[in-house]
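*Asks:* I'm passing along run14.txt; it holds compact mmCIF, C-alpha atoms and all ligand atoms.
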```txt
# COMPACT_ATOMS: atom_id res chain seq x y z
CA MET A 1250 11.54 13.36 -24.94
CA ASN A 1251 9.18 11.46 -27.21
CA ALA A 1252 11.85 11.48 -29.87
CA LEU A 1253 14.01 9.41 -27.52
CA LEU A 1254 11.29 7.10 -26.25
CA TRP A 1255 10.41 5.62 -29.63
CA PRO A 1256 13.86 4.31 -30.50
CA LEU A 1257 14.38 3.09 -26.92
CA GLY A 1258 11.07 1.25 -26.98
CA ALA A 1259 11.85 -0.27 -30.35
CA ALA A 1260 15.28 -1.41 -29.12
CA ALA A 1261 13.72 -3.00 -26.04
CA LEU A 1262 11.30 -4.91 -28.27
CA TYR A 1263 13.93 -5.95 -30.81
CA TRP A 1264 16.63 -7.06 -28.34
CA GLY A 1265 15.00 -7.23 -24.92
CA VAL A 1266 12.06 -9.50 -25.69
CA PRO A 1267 14.11 -12.13 -27.58
CA TYR A 1268 16.74 -12.03 -24.81
CA LEU A 1269 14.20 -12.59 -22.08
CA VAL A 1270 11.88 -15.04 -23.82
CA TRP A 1271 14.28 -17.19 -25.86
CA GLN A 1272 17.76 -16.81 -24.41
CA TRP A 1273 16.87 -16.44 -20.71
CA TRP A 1274 13.59 -18.35 -20.30
CA GLY A 1275 14.19 -20.75 -23.19
CA LEU A 1276 10.54 -20.66 -24.32
CA GLY A 1277 10.23 -22.37 -27.69
CA VAL A 1278 13.96 -23.16 -27.65
CA VAL A 1279 15.46 -26.63 -27.28
CA GLN A 1280 17.72 -26.62 -24.26
CA ARG A 1281 17.85 -30.17 -22.91
CA GLY A 1282 16.34 -33.63 -22.98
CA LEU A 1283 13.48 -33.56 -20.48
CA GLY A 1284 11.69 -36.25 -18.57
CA SER A 1285 14.34 -38.91 -19.00
CA ALA A 1286 16.17 -40.72 -16.22
CA ARG A 1287 18.69 -42.01 -18.74
CA PRO A 1288 22.22 -40.73 -18.23
CA GLU A 1289 22.46 -39.17 -21.69
CA LEU A 1290 24.17 -35.89 -22.57
CA GLY A 1291 23.82 -33.87 -25.77
CA LEU A 1292 27.40 -33.16 -26.86
CA THR A 1293 27.76 -30.11 -29.12
CA PHE A 1294 30.64 -28.18 -30.71
CA ASP A 1295 30.36 -24.61 -32.05
CA ASP A 1296 32.26 -22.36 -34.45
CA GLY A 1297 34.01 -24.88 -36.75
CA PRO A 1298 35.15 -26.30 -38.96
CA ASP A 1299 38.76 -25.26 -38.38
CA PRO A 1300 41.62 -27.30 -39.94
CA ARG A 1301 43.83 -26.50 -36.93
CA THR A 1302 41.54 -28.02 -34.29
CA THR A 1303 38.52 -29.83 -35.76
CA PRO A 1304 40.57 -32.91 -36.88
CA ALA A 1305 41.88 -33.43 -33.32
CA VAL A 1306 38.33 -33.15 -31.96
CA LEU A 1307 37.11 -35.70 -34.53
CA ASP A 1308 40.03 -38.02 -33.70
CA ALA A 1309 39.21 -37.93 -29.98
CA LEU A 1310 35.52 -38.65 -30.67
CA ALA A 1311 36.38 -41.53 -33.03
CA GLU A 1312 38.82 -42.96 -30.49
CA ALA A 1313 36.09 -42.98 -27.82
CA GLY A 1314 33.37 -44.16 -30.23
CA VAL A 1315 31.26 -41.07 -29.47
CA ARG A 1316 29.17 -39.08 -31.96
CA ALA A 1317 28.18 -35.43 -31.45
CA THR A 1318 26.52 -32.39 -33.04
CA PHE A 1319 28.59 -29.69 -34.78
CA PHE A 1320 27.11 -26.20 -35.09
CA VAL A 1321 29.22 -24.96 -38.00
CA LEU A 1322 29.59 -21.60 -39.72
CA GLY A 1323 28.59 -21.59 -43.40
CA SER A 1324 31.60 -19.44 -44.40
CA ARG A 1325 34.03 -21.88 -42.80
CA ALA A 1326 32.20 -24.90 -44.22
CA GLU A 1327 32.58 -23.38 -47.70
CA ARG A 1328 36.36 -23.05 -47.18
CA HIS A 1329 36.79 -26.55 -45.69
CA PRO A 1330 34.31 -28.90 -47.38
CA GLU A 1331 36.66 -31.83 -46.69
CA LEU A 1332 36.11 -31.37 -42.94
CA ILE A 1333 32.34 -31.26 -43.41
CA ALA A 1334 32.56 -34.46 -45.47
CA ARG A 1335 34.64 -36.17 -42.77
CA LEU A 1336 32.27 -35.02 -40.05
CA VAL A 1337 29.24 -36.43 -41.88
CA ASP A 1338 31.11 -39.61 -42.86
CA GLU A 1339 31.95 -40.32 -39.24
CA GLY A 1340 28.29 -40.15 -38.26
CA HIS A 1341 28.19 -36.75 -36.57
CA GLU A 1342 25.21 -34.44 -36.82
CA LEU A 1343 25.65 -31.23 -38.79
CA ALA A 1344 23.84 -28.14 -37.48
CA LEU A 1345 23.93 -24.43 -38.23
CA HIS A 1346 25.65 -21.64 -36.26
CA GLY A 1347 25.17 -19.00 -39.02
CA TRP A 1348 27.19 -17.79 -41.98
CA ARG A 1349 29.64 -15.58 -40.07
CA HIS A 1350 30.28 -15.40 -36.33
CA ARG A 1351 28.83 -12.13 -35.18
CA HIS A 1352 26.53 -11.27 -32.27
CA GLY A 1353 22.99 -10.75 -33.56
CA TRP A 1354 22.59 -7.54 -31.58
CA VAL A 1355 25.25 -5.64 -33.56
CA ARG A 1356 23.77 -6.45 -36.97
CA TRP A 1357 21.08 -4.81 -39.03
CA PRO A 1358 17.92 -6.94 -39.07
CA GLY A 1359 18.18 -7.68 -42.79
CA GLU A 1360 21.79 -8.78 -42.41
CA ALA A 1361 21.03 -11.00 -39.40
CA TYR A 1362 18.18 -12.65 -41.33
CA ALA A 1363 20.24 -13.20 -44.47
CA ASP A 1364 23.10 -14.68 -42.42
CA VAL A 1365 20.96 -17.59 -41.22
CA VAL A 1366 19.50 -18.20 -44.69
CA ARG A 1367 22.90 -18.15 -46.40
CA GLY A 1368 24.43 -20.50 -43.81
CA ALA A 1369 21.57 -22.99 -44.19
CA GLN A 1370 21.85 -22.88 -47.99
CA GLU A 1371 25.57 -23.61 -47.81
CA LEU A 1372 25.06 -26.64 -45.60
CA GLU A 1373 22.36 -27.95 -47.89
CA ARG A 1374 24.63 -27.41 -50.92
CA LEU A 1375 27.46 -29.35 -49.25
CA THR A 1376 25.49 -32.27 -47.87
CA GLY A 1377 22.29 -32.38 -49.91
CA ALA A 1378 20.14 -31.99 -46.80
CA PRO A 1379 18.98 -28.90 -44.92
CA PRO A 1380 20.14 -28.61 -41.28
CA ARG A 1381 17.64 -29.34 -38.50
CA PHE A 1382 19.08 -27.28 -35.62
CA PHE A 1383 20.24 -23.66 -35.37
CA ARG A 1384 22.11 -22.05 -32.49
CA PRO A 1385 23.02 -18.37 -33.00
CA PRO A 1386 26.51 -17.01 -32.17
CA HIS A 1387 26.75 -16.32 -28.40
CA GLY A 1388 23.27 -17.83 -28.03
CA ALA A 1389 21.90 -14.32 -28.70
CA TRP A 1390 18.58 -13.86 -30.50
CA THR A 1391 16.83 -11.07 -32.36
CA TRP A 1392 13.48 -11.07 -34.15
CA ALA A 1393 15.30 -11.19 -37.49
CA GLN A 1394 17.02 -14.50 -36.71
CA ARG A 1395 13.80 -15.84 -35.31
CA ALA A 1396 11.99 -14.99 -38.55
CA ALA A 1397 14.68 -16.77 -40.59
CA VAL A 1398 14.45 -19.84 -38.36
CA ARG A 1399 10.71 -19.95 -38.84
CA ARG A 1400 10.94 -19.57 -42.61
CA LEU A 1401 13.53 -22.34 -42.91
CA GLY A 1402 11.78 -24.67 -40.43
CA LEU A 1403 14.88 -24.84 -38.18
CA THR A 1404 14.71 -25.85 -34.51
CA PRO A 1405 16.27 -23.18 -32.25
CA VAL A 1406 18.79 -24.52 -29.72
CA HIS A 1407 20.51 -23.28 -26.59
CA TRP A 1408 22.59 -25.20 -23.99
CA THR A 1409 22.55 -26.02 -20.28
CA VAL A 1410 26.25 -26.65 -19.58
CA GLU A 1411 28.86 -24.22 -20.86
CA ALA A 1412 32.42 -25.57 -20.85
CA HIS A 1413 33.97 -22.06 -20.90
CA ASP A 1414 36.73 -23.57 -23.03
CA TRP A 1415 37.26 -20.12 -24.60
CA HIS A 1416 38.21 -18.61 -21.24
CA PRO A 1417 41.95 -17.75 -21.18
CA ALA A 1418 42.24 -18.67 -17.48
CA LEU A 1419 40.89 -22.22 -17.99
CA GLY A 1420 43.13 -25.07 -19.12
CA PRO A 1421 42.08 -28.52 -20.37
CA GLU A 1422 41.88 -29.99 -16.83
CA ASP A 1423 39.63 -27.13 -15.69
CA VAL A 1424 37.30 -27.75 -18.61
CA VAL A 1425 37.12 -31.47 -17.81
CA ARG A 1426 36.29 -30.76 -14.16
CA ARG A 1427 33.81 -28.01 -14.99
CA VAL A 1428 31.80 -30.09 -17.46
CA ALA A 1429 31.93 -33.27 -15.37
CA GLU A 1430 30.74 -31.50 -12.21
CA ARG A 1431 27.91 -29.58 -13.87
CA SER A 1432 26.38 -32.29 -16.03
CA HIS A 1433 23.08 -33.95 -15.18
CA PRO A 1434 21.19 -36.49 -17.27
CA GLY A 1435 19.61 -34.80 -20.29
CA ASP A 1436 21.91 -31.77 -20.31
CA VAL A 1437 23.24 -30.17 -23.48
CA VAL A 1438 26.97 -29.36 -23.26
CA VAL A 1439 28.53 -26.68 -25.46
CA LEU A 1440 32.22 -26.85 -26.41
CA HIS A 1441 34.14 -25.36 -29.36
CA ASP A 1442 36.13 -26.97 -32.16
CA ALA A 1443 37.56 -23.66 -33.46
CA GLY A 1444 39.26 -20.56 -32.08
CA PRO A 1445 40.86 -20.43 -28.61
CA GLY A 1446 38.12 -22.72 -27.24
CA GLY A 1447 38.93 -25.25 -29.95
CA LYS A 1448 42.55 -25.48 -28.80
CA THR A 1449 41.58 -26.12 -25.19
CA THR A 1450 38.82 -28.55 -26.15
CA ALA A 1451 41.01 -30.53 -28.56
CA ALA A 1452 43.45 -31.06 -25.66
CA ALA A 1453 40.71 -31.69 -23.07
CA LEU A 1454 38.43 -34.00 -25.06
CA PRO A 1455 40.13 -37.41 -24.59
CA GLY A 1456 40.17 -36.87 -20.81
CA LEU A 1457 36.67 -35.42 -20.77
CA LEU A 1458 35.13 -38.34 -22.68
CA GLU A 1459 36.89 -40.78 -20.36
CA GLU A 1460 35.66 -38.90 -17.29
CA LEU A 1461 32.05 -38.72 -18.52
CA SER A 1462 32.05 -42.41 -19.31
CA ALA A 1463 33.53 -43.22 -15.87
CA ARG A 1464 30.66 -41.27 -14.31
CA GLY A 1465 28.10 -43.26 -16.27
CA PHE A 1466 27.18 -40.67 -18.90
CA GLN A 1467 26.47 -41.46 -22.55
CA PRO A 1468 27.21 -38.42 -24.75
CA LYS A 1469 25.32 -38.33 -28.04
CA PRO A 1470 24.21 -36.04 -30.88
CA LEU A 1471 21.42 -33.64 -29.99
CA GLY A 1472 18.97 -35.26 -32.41
CA GLU A 1473 19.25 -38.58 -30.55
CA LEU A 1474 18.79 -37.16 -27.04
CA ARG A 1475 15.70 -38.62 -25.42
CA GLY A 1476 12.91 -36.26 -24.40
CA LEU A 1477 14.32 -33.42 -26.50
CA ARG A 1478 11.69 -30.72 -26.82
CA ARG A 1479 11.25 -26.97 -26.83
CA GLY A 1480 10.99 -25.11 -23.52
CA ARG A 1481 7.42 -24.39 -22.32
CA GLY A 1482 5.89 -21.95 -19.90
CA ARG A 1483 5.27 -24.67 -17.38
CA ASP A 1484 9.01 -25.45 -17.18
CA LEU A 1485 9.59 -22.00 -15.72
CA PRO A 1486 8.39 -22.48 -12.10
CA LYS A 1487 10.80 -25.39 -11.65
CA ARG A 1488 13.71 -23.44 -13.10
CA ALA A 1489 12.89 -20.38 -11.00
CA TRP A 1490 12.63 -22.54 -7.87
CA ALA A 1491 15.94 -24.30 -8.58
CA ALA A 1492 17.72 -21.01 -9.21
CA THR A 1493 16.39 -19.25 -6.10
CA VAL A 1494 14.96 -21.33 -3.23
CA ASP A 1495 17.00 -24.49 -3.83
CA ARG A 1496 20.20 -22.54 -4.30
CA TYR A 1497 19.52 -20.51 -1.17
CA PHE A 1498 18.96 -23.62 0.96
CA ASP A 1499 22.03 -25.32 -0.43
CA ARG A 1500 24.17 -22.35 0.60
CA ALA A 1501 22.47 -21.75 3.94
CA TYR A 1502 22.84 -25.42 5.01
CA GLY A 1503 26.26 -26.01 3.43
CA VAL A 1504 24.97 -28.83 1.23
CA GLU A 1505 27.79 -30.67 -0.54
CA GLU A 1506 27.83 -33.06 -3.49
CA LEU A 1507 29.25 -36.51 -2.78
CA ASN A 1508 29.74 -37.71 -6.33
CA TYR A 1509 29.21 -36.29 -9.80
CA ALA A 1510 28.17 -39.57 -11.40
CA ALA A 1511 25.04 -39.68 -13.56
CA HIS A 1512 23.13 -41.78 -11.00
CA SER A 1513 24.12 -39.84 -7.85
CA VAL A 1514 21.11 -38.80 -5.77
CA PHE A 1515 22.64 -38.02 -2.36
CA ARG A 1516 23.99 -34.69 -1.26
CA VAL A 1517 24.73 -34.04 2.42
CA ALA A 1518 24.94 -31.25 4.99
CA LYS A 1519 26.83 -31.89 8.23
CA GLY A 1520 25.27 -30.90 11.57
CA PRO A 1521 24.34 -32.32 15.00
CA PHE A 1522 21.51 -34.88 14.89
CA PRO A 1523 18.28 -33.07 15.93
CA GLY A 1524 16.54 -36.15 17.38
CA PRO A 1525 14.52 -38.10 18.34
CA ALA A 1526 16.92 -40.77 19.67
CA LEU A 1527 17.30 -43.62 17.15
CA GLU A 1528 17.53 -47.35 17.73
CA LEU A 1529 20.22 -49.21 15.80
CA ALA A 1530 20.26 -52.86 14.72
CA ASP A 1531 22.79 -53.82 17.42
CA GLY A 1532 20.67 -52.28 20.19
CA SER A 1533 22.78 -49.14 20.60
CA ARG A 1534 21.32 -45.66 20.16
CA ILE A 1535 22.01 -42.41 18.36
CA GLU A 1536 21.27 -39.55 20.76
CA PRO A 1537 20.24 -36.01 19.76
CA GLY A 1538 23.35 -33.89 19.24
CA ALA A 1539 25.48 -36.75 17.85
CA PRO A 1540 27.68 -35.86 14.84
CA ALA A 1541 25.44 -36.45 11.83
CA ALA A 1542 24.80 -35.41 8.25
CA GLU A 1543 21.41 -34.65 6.75
CA LEU A 1544 20.66 -36.14 3.33
CA HIS A 1545 19.39 -33.85 0.60
CA LEU A 1546 18.18 -35.73 -2.46
CA HIS A 1547 18.61 -34.43 -5.98
CA SER A 1548 14.93 -33.52 -6.44
CA GLU A 1549 14.98 -33.54 -10.20
CA ARG A 1550 16.85 -36.82 -10.55
CA MET A 1551 14.55 -38.51 -8.05
CA ALA A 1552 11.44 -37.24 -9.81
CA ARG A 1553 12.72 -38.58 -13.11
CA ALA A 1554 13.86 -41.87 -11.64
CA GLY A 1555 10.47 -42.27 -9.94
CA GLU A 1556 8.77 -41.60 -13.23
CA ALA A 1557 10.83 -44.28 -14.94
CA GLY A 1558 9.54 -46.75 -12.31
CA SER A 1559 10.36 -47.75 -8.77
CA LEU A 1560 13.01 -50.15 -10.06
CA THR A 1561 14.94 -47.24 -11.57
CA ALA A 1562 14.60 -45.24 -8.34
CA PHE A 1563 15.84 -48.30 -6.41
CA ARG A 1564 18.82 -48.62 -8.76
CA PHE A 1565 19.73 -44.95 -8.27
CA PHE A 1566 19.71 -45.37 -4.47
CA LYS A 1567 21.63 -48.62 -4.60
CA LYS A 1568 24.34 -47.12 -6.79
CA SER A 1569 24.53 -43.98 -4.61
CA ILE A 1570 24.85 -45.57 -1.14
CA PRO A 1571 28.54 -46.44 -1.53
CA ASP A 1572 29.07 -42.66 -1.92
CA LEU A 1573 28.08 -42.30 1.76
CA ALA A 1574 30.54 -44.95 2.92
CA ARG A 1575 33.26 -43.37 0.80
CA ALA A 1576 32.52 -39.93 2.28
CA LEU A 1577 33.06 -41.34 5.81
CA ARG A 1578 36.45 -42.69 4.84
CA GLU A 1579 37.70 -39.99 2.47
CA ARG A 1580 36.29 -36.68 3.67
CA PRO A 1581 38.00 -35.71 6.95
CA HIS A 1582 35.24 -33.30 8.03
CA LEU A 1583 32.65 -36.11 7.67
CA GLY A 1584 34.85 -38.76 9.31
CA ASP A 1585 33.09 -38.62 12.72
CA VAL A 1586 29.52 -38.76 11.33
CA GLN A 1587 27.50 -41.37 13.27
CA VAL A 1588 24.36 -41.32 11.16
CA PHE A 1589 23.07 -40.08 7.80
CA TRP A 1590 19.45 -39.10 8.14
CA GLY A 1591 16.75 -37.38 6.14
CA VAL A 1592 13.02 -37.02 5.63
CA SER A 1593 11.88 -38.85 2.53
CA LEU A 1594 8.89 -40.02 0.53
CA PHE A 1595 11.00 -42.88 -0.84
CA GLN A 1596 11.16 -44.91 2.38
CA GLU A 1597 9.89 -48.12 0.69
CA ILE A 1598 12.84 -48.07 -1.65
CA LEU A 1599 15.33 -47.05 1.03
CA GLU A 1600 14.50 -49.85 3.50
CA PRO A 1601 15.73 -52.71 1.26
CA VAL A 1602 19.11 -51.01 0.81
CA GLY A 1603 19.80 -50.77 4.56
CA PHE A 1604 17.94 -47.68 5.82
CA ARG A 1605 15.71 -47.81 8.91
CA THR A 1606 12.65 -45.59 9.26
CA VAL A 1607 10.79 -43.77 12.04
CA GLU A 1608 7.34 -42.14 11.93
CA LEU A 1609 7.34 -38.35 12.23
CA PRO A 1610 5.09 -36.52 14.72
CA PRO A 1611 1.70 -35.88 12.97
CA ALA A 1612 2.05 -32.09 12.63
CA ARG A 1613 5.54 -32.34 11.18
CA ARG A 1614 4.48 -35.19 8.93
CA ARG A 1615 1.61 -33.15 7.46
CA PHE A 1616 3.69 -30.04 6.94
CA LEU A 1617 6.71 -31.82 5.44
CA GLY A 1618 4.43 -34.12 3.45
CA ALA A 1619 2.71 -31.19 1.74
CA TYR A 1620 6.06 -29.55 1.05
CA MET A 1621 7.68 -32.70 -0.35
CA HIS A 1622 4.73 -33.61 -2.56
CA PHE A 1623 4.81 -30.05 -3.89
CA LEU A 1624 8.54 -30.35 -4.70
CA HIS A 1625 8.07 -33.75 -6.27
CA ARG A 1626 5.34 -32.40 -8.55
CA LEU A 1627 7.28 -29.20 -9.28
CA TYR A 1628 10.21 -31.28 -10.51
CA GLY A 1629 7.93 -33.18 -12.85
CA GLY A 1630 7.29 -36.35 -10.85
CA THR A 1631 3.98 -38.17 -11.18
CA PRO A 1632 1.80 -37.84 -8.04
CA LEU A 1633 2.71 -40.28 -5.25
CA LYS A 1634 -0.60 -41.31 -3.69
CA ARG A 1635 -1.04 -41.83 0.05
CA VAL A 1636 2.66 -41.65 0.82
CA TRP A 1637 3.67 -39.82 4.00
CA PRO A 1638 7.26 -38.82 4.59
CA LYS A 1639 9.22 -40.67 7.24
CA LEU A 1640 12.50 -40.05 8.95
CA VAL A 1641 14.99 -42.38 7.27
CA TYR A 1642 18.48 -43.11 8.58
CA ILE A 1643 21.50 -45.31 8.17
CA ASP A 1644 24.31 -45.48 10.74
CA ARG A 1645 28.04 -45.65 10.10
CA THR A 1646 28.53 -49.28 11.24
CA THR A 1647 25.84 -50.55 8.88
CA LEU A 1648 27.22 -48.43 6.04
CA LEU A 1649 30.82 -49.51 6.48
CA GLU A 1650 29.86 -53.17 6.94
CA ARG A 1651 27.61 -53.33 3.89
CA TYR A 1652 29.18 -50.78 1.55
CA GLY A 1653 32.65 -50.02 2.95
ZN ZN A 1701 29.99 -19.47 -31.47
```
Please rewrite the model in this file as structure tokens.

*Replies:*
Amino acid sequence: MNALLWPLGAAALYWGVPYLVWQWWGLGVVQRGLGSARPELGLTFDDGPDPRTTPAVLDALAEAGVRATFFVLGSRAERHPELIARLVDEGHELALHGWRHRHGWVRWPGEAYADVVRGAQELERLTGAPPRFFRPPHGAWTWAQRAAVRRLGLTPVHWTVEAHDWHPALGPEDVVRRVAERSHPGDVVVLHDAGPGGKTTAAALPGLLEELSARGFQPKPLGELRGLRRGRGRDLPKRAWAATVDRYFDRAYGVEELNYAAHSVFRVAKGPFPGPALELADGSRIEPGAPAAELHLHSERMARAGEAGSLTAFRFFKKSIPDLARALRERPHLGDVQVFWGVSLFQEILEPVGFRTVELPPARRRFLGAYMHFLHRLYGGTPLKRVWPKLVYIDRTTLLERYG
């Protein structure tokens, strides 16, 4: 029995701990730009260079005037130095993906260590400068790679948005939709410029860059992403909350996105208005039970916008309100909605853009206030002093008149 326990324990330490701590929790690993309300995305490409697909990727980037980060393999860089030269010439950032593309878990420790070192040496030989970032094949870590990263002074990197361009069932349009609908300001997107993913991405990229730009995003190289830093222990509660409680509520209430633009803060869930009866500007009333939709703000975006100043938060709301008017016109199941309502700490910013507010009953105000301040802090917002939540609402006539 003991004879079995030792190797099992050693395997758990060698693979399990790096998987949990670096790949899953992202502690000490760069995963995204944090604390920025700017609509920037880190655009990254893995596995190249490949003469069959990398040139098309570079052409599409040049055409759109976008620069990105390429996590290249040392062995492929050695075979195609002209592509590395072009990549650097065109202002892209060169980063390391290893020497050969093999999952760290199926390599001997010495081999996994040497792979990182050899890849880094090759990039330095080709460009005269050592790489700054390293992302292992498949994002999978072992202690050996970690030791190499430490010795070479590399910054370990993961991603937040995976394009799945390597998936045989996904075509270029699917990749465009997938990336555009999953991206939030500060995210790091991973695509490929080699292999099956490279083919799909080369075809998808012109459309993807156009779509991201239409949604207000600015893709850039990782090294230029604002607020880029390694994951810390105190990022974990927010991530755990977003992955469990937030996701549960979104499903349970049928919360839907209205727009995937970088500034969008409103999401809605349709349901009868719970009351109390609301006064409208023209003297008419919204009674309890009327067709309505509850507003759910993007907590993280609002916290960041609030941090950047109330002007930024105001701008986010102002840009997002037309999404509500558009939903009334274009989404049949929301077509009969009489009022959009919610409970918010941001009432002072919402009033100037057309919302009306109502005080909540004291008990509800205290309970929701505590909850909303907790969420705001959890998502990294600075404390909002002496602000109580209010019921905020905007009716369909006002919306269609002002923003239709
Ligand atoms: Zn890869």

*Asks:* Around ligand ZN 1701 (chain A), out to 8 Å and counting only C-alpha atoms and all ligand atoms, which residues are there? I want them as a list in words.

*Replies:*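 Using only C-alpha atoms and all ligand atoms, everything at most 8 Å from ligand ZN 1701 (chain A) comes to Asp1295, Asp1296, His1346, His1350, Pro1385, Pro1386, His1387, Gly1388 and His1441 of chain A.
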
*Asks:* Skip stretch 1625-1642 of chain A itself and residues of its chain fewer than 3 positions away, then list as an MDAnalysis selection string all residues within 8 Å of it, counting all atoms listed in the file.

*Replies:* chainID A and resid 1284 1486:1487 1548:1549 1552:1553 1555:1556 1588:1596 1599 1604:1609 1614:1615 1617:1618 1621:1622

*Asks:* What is the distance between atom CA of A:Lys1519 and atom CA of A:Gly1584, in Å to one decimal?

*Replies:* 10.6 Å

*Asks:* Near stretch 1336-1345 of chain A, within 7 Å and counting only C-alpha atoms, which residues show up once chain neighbours fewer than 2 positions away are dropped, as a list in words?

*Replies:*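 Neighbouring residues, sequence-local ones excluded: Arg1316, Ala1317, Thr1318, Phe1319, Phe1320, Val1321, Leu1322, Leu1332, Ile1333, Ala1334, Gly1347, Gly1368, Ala1369, Pro1380, Arg1381, Phe1382, Phe1383, Arg1384 and Pro1470 of chain A.
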
*Asks:* For stretch 1523-1527 of chain A, work out the shell of residues within 7 Å, counting only C-alpha atoms and skipping chain neighbours fewer than 5 positions away, then give it as an mmCIF file with C-alpha atoms, in the frame of the given file.

*Replies:*
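See result_32.cif below for the written result:
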```cif
data_model
loop_
_atom_site.group_PDB
_atom_site.id
_atom_site.type_symbol
_atom_site.label_atom_id
_atom_site.label_comp_id
_atom_site.auth_asym_id
_atom_site.auth_seq_id
_atom_site.Cartn_x
_atom_site.Cartn_y
_atom_site.Cartn_z
ATOM 1 C CA ARG A 1534 21.320 -45.660 20.160
ATOM 2 C CA ILE A 1535 22.010 -42.410 18.360
ATOM 3 C CA GLU A 1536 21.270 -39.550 20.760
ATOM 4 C CA PRO A 1537 20.240 -36.010 19.760
ATOM 5 C CA GLY A 1538 23.350 -33.890 19.240
#
```

*Asks:* Could you state the separation of atom CA of A:Gln1394 and atom CA of A:Val1365 in Å, given to one decimal place?

*Replies:*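 Answer for the atom CA of A:Gln1394 to atom CA of A:Val1365 separation: 6.7 Å.
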
*Asks:* What is the distance between atom CA of A:Trp1390 and atom CA of A:Ala1451, in Å to one decimal?

*Replies:*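 Taking atom CA of A:Trp1390 as the start and atom CA of A:Ala1451 as the end point, the length is 28.0 Å.
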
*Asks:* Using all atoms listed in the file, what residues lie at most 6 Å away from (25.5, -31.5, 12.1) (file coordinates), given as a count of residues only?

*Replies:* 7

*Asks:* Because the input lacks atoms here, generate N, CA and C atoms for stretch 1574-1589 of chain A and report them as a PDB file, keeping the file's coordinate frame.

*Replies:*
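Written file, rebuild-v6.pdb:
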```
ATOM      1  N   ALA A1574      29.447 -44.248   2.248  1.00  0.00           N
ATOM      2  CA  ALA A1574      30.540 -44.950   2.920  1.00  0.00           C
ATOM      3  C   ALA A1574      31.873 -44.327   2.549  1.00  0.00           C
ATOM      4  N   ARG A1575      32.011 -43.967   1.269  1.00  0.00           N
ATOM      5  CA  ARG A1575      33.260 -43.370   0.800  1.00  0.00           C
ATOM      6  C   ARG A1575      33.473 -42.000   1.467  1.00  0.00           C
ATOM      7  N   ALA A1576      32.389 -41.250   1.642  1.00  0.00           N
ATOM      8  CA  ALA A1576      32.520 -39.930   2.280  1.00  0.00           C
ATOM      9  C   ALA A1576      33.041 -40.076   3.707  1.00  0.00           C
ATOM     10  N   LEU A1577      32.589 -41.116   4.428  1.00  0.00           N
ATOM     11  CA  LEU A1577      33.060 -41.340   5.810  1.00  0.00           C
ATOM     12  C   LEU A1577      34.560 -41.582   5.833  1.00  0.00           C
ATOM     13  N   ARG A1578      35.030 -42.323   4.849  1.00  0.00           N
ATOM     14  CA  ARG A1578      36.450 -42.690   4.840  1.00  0.00           C
ATOM     15  C   ARG A1578      37.330 -41.581   4.270  1.00  0.00           C
ATOM     16  N   GLU A1579      36.804 -40.869   3.237  1.00  0.00           N
ATOM     17  CA  GLU A1579      37.700 -39.990   2.470  1.00  0.00           C
ATOM     18  C   GLU A1579      37.537 -38.506   2.749  1.00  0.00           C
ATOM     19  N   ARG A1580      36.440 -38.115   3.409  1.00  0.00           N
ATOM     20  CA  ARG A1580      36.290 -36.680   3.670  1.00  0.00           C
ATOM     21  C   ARG A1580      36.487 -36.426   5.163  1.00  0.00           C
ATOM     22  N   PRO A1581      37.650 -35.856   5.527  1.00  0.00           N
ATOM     23  CA  PRO A1581      38.000 -35.710   6.950  1.00  0.00           C
ATOM     24  C   PRO A1581      36.894 -35.038   7.768  1.00  0.00           C
ATOM     25  N   HIS A1582      36.248 -34.014   7.231  1.00  0.00           N
ATOM     26  CA  HIS A1582      35.240 -33.300   8.030  1.00  0.00           C
ATOM     27  C   HIS A1582      33.972 -34.144   8.233  1.00  0.00           C
ATOM     28  N   LEU A1583      33.818 -35.234   7.472  1.00  0.00           N
ATOM     29  CA  LEU A1583      32.650 -36.110   7.670  1.00  0.00           C
ATOM     30  C   LEU A1583      33.041 -37.394   8.409  1.00  0.00           C
ATOM     31  N   GLY A1584      34.328 -37.522   8.747  1.00  0.00           N
ATOM     32  CA  GLY A1584      34.850 -38.760   9.310  1.00  0.00           C
ATOM     33  C   GLY A1584      34.191 -39.198  10.616  1.00  0.00           C
ATOM     34  N   ASP A1585      33.673 -38.240  11.424  1.00  0.00           N
ATOM     35  CA  ASP A1585      33.090 -38.620  12.720  1.00  0.00           C
ATOM     36  C   ASP A1585      31.566 -38.752  12.658  1.00  0.00           C
ATOM     37  N   VAL A1586      30.982 -38.674  11.463  1.00  0.00           N
ATOM     38  CA  VAL A1586      29.520 -38.760  11.330  1.00  0.00           C
ATOM     39  C   VAL A1586      29.013 -40.125  11.796  1.00  0.00           C
ATOM     40  N   GLN A1587      28.053 -40.119  12.728  1.00  0.00           N
ATOM     41  CA  GLN A1587      27.500 -41.370  13.270  1.00  0.00           C
ATOM     42  C   GLN A1587      26.304 -41.874  12.476  1.00  0.00           C
ATOM     43  N   VAL A1588      25.587 -40.915  11.864  1.00  0.00           N
ATOM     44  CA  VAL A1588      24.360 -41.320  11.160  1.00  0.00           C
ATOM     45  C   VAL A1588      24.068 -40.340  10.017  1.00  0.00           C
ATOM     46  N   PHE A1589      23.634 -40.892   8.886  1.00  0.00           N
ATOM     47  CA  PHE A1589      23.070 -40.080   7.800  1.00  0.00           C
ATOM     48  C   PHE A1589      21.565 -40.190   7.920  1.00  0.00           C
TER      49      PHE A1589
END
```
